[in-house]
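For reference, data_3.cif (mmCIF, C-alpha atoms, pLDDT in the B column; chains and numbers go by the auth columns):
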```
data_final
#
loop_
_atom_site.group_PDB
_atom_site.id
_atom_site.type_symbol
_atom_site.label_atom_id
_atom_site.label_comp_id
_atom_site.label_asym_id
_atom_site.label_seq_id
_atom_site.Cartn_x
_atom_site.Cartn_y
_atom_site.Cartn_z
_atom_site.B_iso_or_equiv
_atom_site.auth_seq_id
_atom_site.auth_asym_id
ATOM 1 C CA LYS A 1 17.823 137.611 -91.162 55.00 17 A
ATOM 2 C CA SER A 2 18.801 141.210 -90.509 57.00 18 A
ATOM 3 C CA ILE A 3 18.786 143.940 -93.131 55.00 19 A
ATOM 4 C CA ASP A 4 22.090 145.610 -94.003 57.00 20 A
ATOM 5 C CA TRP A 5 21.375 149.361 -93.746 56.00 21 A
ATOM 6 C CA LYS A 6 24.864 150.536 -94.637 57.00 22 A
ATOM 7 C CA VAL A 7 24.966 153.287 -97.211 55.00 23 A
ATOM 8 C CA LYS A 8 26.894 152.156 -100.223 55.00 24 A
ATOM 9 C CA LYS A 9 29.106 154.490 -102.198 59.00 25 A
ATOM 10 C CA MET A 10 27.965 155.169 -105.735 54.00 26 A
ATOM 11 C CA PRO A 11 30.355 153.590 -108.250 54.00 27 A
ATOM 12 C CA ASP A 12 32.745 156.025 -109.915 56.00 28 A
ATOM 13 C CA ASN A 13 31.354 155.250 -113.364 50.00 29 A
ATOM 14 C CA VAL A 14 27.846 156.351 -112.276 49.00 30 A
ATOM 15 C CA LYS A 15 27.535 160.106 -112.109 56.00 31 A
ATOM 16 C CA ARG A 16 24.926 162.059 -110.191 58.00 32 A
ATOM 17 C CA SER A 17 22.669 164.314 -112.223 66.00 33 A
ATOM 18 C CA GLN A 18 24.405 167.610 -112.998 78.00 34 A
ATOM 19 C CA ASN A 19 21.155 169.443 -112.229 89.00 35 A
ATOM 20 C CA PHE A 20 21.459 168.892 -108.478 93.00 36 A
ATOM 21 C CA MET A 21 24.591 169.716 -106.504 94.00 37 A
ATOM 22 C CA SER A 22 25.780 170.569 -103.016 95.00 38 A
ATOM 23 C CA PHE A 23 26.211 174.147 -101.836 97.00 39 A
ATOM 24 C CA ASN A 24 29.976 173.927 -102.375 96.00 40 A
ATOM 25 C CA GLU A 25 29.653 172.408 -105.847 95.00 41 A
ATOM 26 C CA ALA A 26 27.143 175.084 -106.879 96.00 42 A
ATOM 27 C CA ALA A 27 29.305 177.910 -105.520 97.00 43 A
ATOM 28 C CA LYS A 28 32.295 176.621 -107.524 96.00 44 A
ATOM 29 C CA GLN A 29 30.427 176.842 -110.830 94.00 45 A
ATOM 30 C CA PRO A 30 31.865 179.627 -113.031 94.00 46 A
ATOM 31 C CA THR A 31 28.409 181.134 -113.592 93.00 47 A
ATOM 32 C CA CYS A 32 27.407 181.204 -109.897 95.00 48 A
ATOM 33 C CA PRO A 33 27.543 184.673 -108.314 95.00 49 A
ATOM 34 C CA PHE A 34 27.060 183.339 -104.759 96.00 50 A
ATOM 35 C CA THR A 35 29.305 181.848 -102.095 97.00 51 A
ATOM 36 C CA ALA A 36 28.386 178.555 -100.440 97.00 52 A
ATOM 37 C CA ASN A 37 27.429 180.441 -97.260 98.00 53 A
ATOM 38 C CA ARG A 38 25.114 182.757 -99.200 97.00 54 A
ATOM 39 C CA LEU A 39 23.463 179.729 -100.810 97.00 55 A
ATOM 40 C CA ARG A 40 22.911 178.218 -97.341 97.00 56 A
ATOM 41 C CA THR A 41 21.284 181.457 -96.166 97.00 57 A
ATOM 42 C CA MET A 42 19.048 181.523 -99.230 97.00 58 A
ATOM 43 C CA GLN A 43 18.003 177.929 -98.540 97.00 59 A
ATOM 44 C CA LYS A 44 17.096 178.750 -94.935 97.00 60 A
ATOM 45 C CA ARG A 45 14.932 181.639 -96.186 97.00 61 A
ATOM 46 C CA GLY A 46 13.191 179.422 -98.726 95.00 62 A
ATOM 47 C CA GLU A 47 14.717 181.319 -101.674 95.00 63 A
ATOM 48 C CA LEU A 48 16.784 178.483 -103.133 96.00 64 A
ATOM 49 C CA PRO A 49 15.384 175.815 -105.452 96.00 65 A
ATOM 50 C CA GLY A 50 16.400 172.285 -104.594 95.00 66 A
ATOM 51 C CA ILE A 51 15.528 169.082 -102.797 94.00 67 A
ATOM 52 C CA TRP A 52 16.439 167.306 -99.595 93.00 68 A
ATOM 53 C CA SER A 53 18.190 163.990 -99.997 90.00 69 A
ATOM 54 C CA GLY A 54 18.204 162.610 -96.492 89.00 70 A
ATOM 55 C CA SER A 55 19.877 165.278 -94.357 93.00 71 A
ATOM 56 C CA ARG A 56 21.585 166.885 -97.341 94.00 72 A
ATOM 57 C CA PHE A 57 20.143 169.730 -99.441 96.00 73 A
ATOM 58 C CA LEU A 58 20.912 169.615 -103.163 95.00 74 A
ATOM 59 C CA VAL A 59 20.643 172.824 -105.174 96.00 75 A
ATOM 60 C CA ASN A 60 18.733 172.669 -108.459 95.00 76 A
ATOM 61 C CA TYR A 61 21.384 174.679 -110.276 95.00 77 A
ATOM 62 C CA PRO A 62 19.645 175.157 -113.662 94.00 78 A
ATOM 63 C CA LEU A 63 16.516 176.414 -111.895 95.00 79 A
ATOM 64 C CA LEU A 64 18.600 178.805 -109.758 96.00 80 A
ATOM 65 C CA MET A 65 20.184 180.261 -112.911 95.00 81 A
ATOM 66 C CA GLN A 66 16.714 180.606 -114.481 95.00 82 A
ATOM 67 C CA GLN A 67 15.468 182.467 -111.393 94.00 83 A
ATOM 68 C CA LEU A 68 18.403 184.872 -111.610 93.00 84 A
ATOM 69 C CA GLU A 69 17.706 185.440 -115.311 93.00 85 A
ATOM 70 C CA ASP A 70 14.046 186.171 -114.574 93.00 86 A
ATOM 71 C CA LEU A 71 14.954 188.616 -111.784 91.00 87 A
ATOM 72 C CA SER A 72 17.408 190.359 -114.082 91.00 88 A
ATOM 73 C CA ARG A 73 14.792 190.763 -116.804 91.00 89 A
ATOM 74 C CA LYS A 74 12.256 192.155 -114.313 90.00 90 A
ATOM 75 C CA ALA A 75 14.822 194.687 -113.084 88.00 91 A
ATOM 76 C CA VAL A 76 15.555 195.798 -116.643 88.00 92 A
ATOM 77 C CA ARG A 77 11.840 196.153 -117.428 87.00 93 A
ATOM 78 C CA ALA A 78 11.244 198.081 -114.208 85.00 94 A
ATOM 79 C CA GLY A 79 14.026 200.523 -115.098 80.00 95 A
ATOM 80 C CA GLU A 80 12.987 201.095 -118.733 74.00 96 A
ATOM 81 C CA GLY A 81 10.886 204.150 -117.880 62.00 97 A
ATOM 82 C CA ASP A 82 13.613 205.832 -115.845 59.00 98 A
ATOM 83 C CA ASP A 83 15.547 208.834 -117.097 59.00 99 A
ATOM 84 C CA GLU A 84 19.307 209.126 -116.656 58.00 100 A
ATOM 85 C CA ASP A 85 18.888 210.770 -113.278 56.00 101 A
ATOM 86 C CA GLY A 86 16.770 207.866 -112.011 56.00 102 A
ATOM 87 C CA THR A 87 13.444 209.688 -112.122 56.00 103 A
ATOM 88 C CA ASN A 88 10.484 208.311 -113.980 54.00 104 A
ATOM 89 C CA THR A 89 8.860 210.997 -116.103 50.00 105 A
#
```
Would you mind writing the structure in this file as structure tokens?
Amino acid sequence: KSIDWKVKKMPDNVKRSQNFMSFNEAAKQPTCPFTANRLRTMQKRGELPGIWSGSRFLVNYPLLMQQLEDLSRKAVRAGEGDDEDGTNT
């Protein structure tokens, strides 16, 4: 007896986790500052959190937003000693 290897479509009433999404889905989120192409570039550089599902990369969107928040906080802390003209005295 042969095994049926056909990929079956997920039923409409079963939703995929909202934590992981395609590049296009992530780029369409209102809080995402990146285009889908920028997300692809980040993934190729190893800068994008996510997982491979077969040949498809799924972005871990909550972790991406957390990384952006952390970078923003570091930038603010780094600039706290600067004067208005950008010098650190």
### Message
Which residues are near region 45-59 of chain A? Cut-off 12 Å, all atoms listed in the file, ignore same chain within fewer than 3 positions. Put them as a PyMOL selection string.
### Response
chain A and resi 34-35+37-42+62-68+72-78+80-82+84-85
How big is the axis-aligned box, and where does its centre sit, when it encloses all atoms of region 86-91 of chain A listed in the file and has 8 Å added on every side, reported in Å to one decimal as lines of an AutoDock Vina configuration file?
```
center_x = 14.8
center_y = 190.4
center_z = -114.3
size_x = 21.2
size_y = 24.5
size_z = 21.0
```
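Pairwise distance (CA of Ala43 (chain A), CA of Ser88 (chain A)) equals 19.2 Å.
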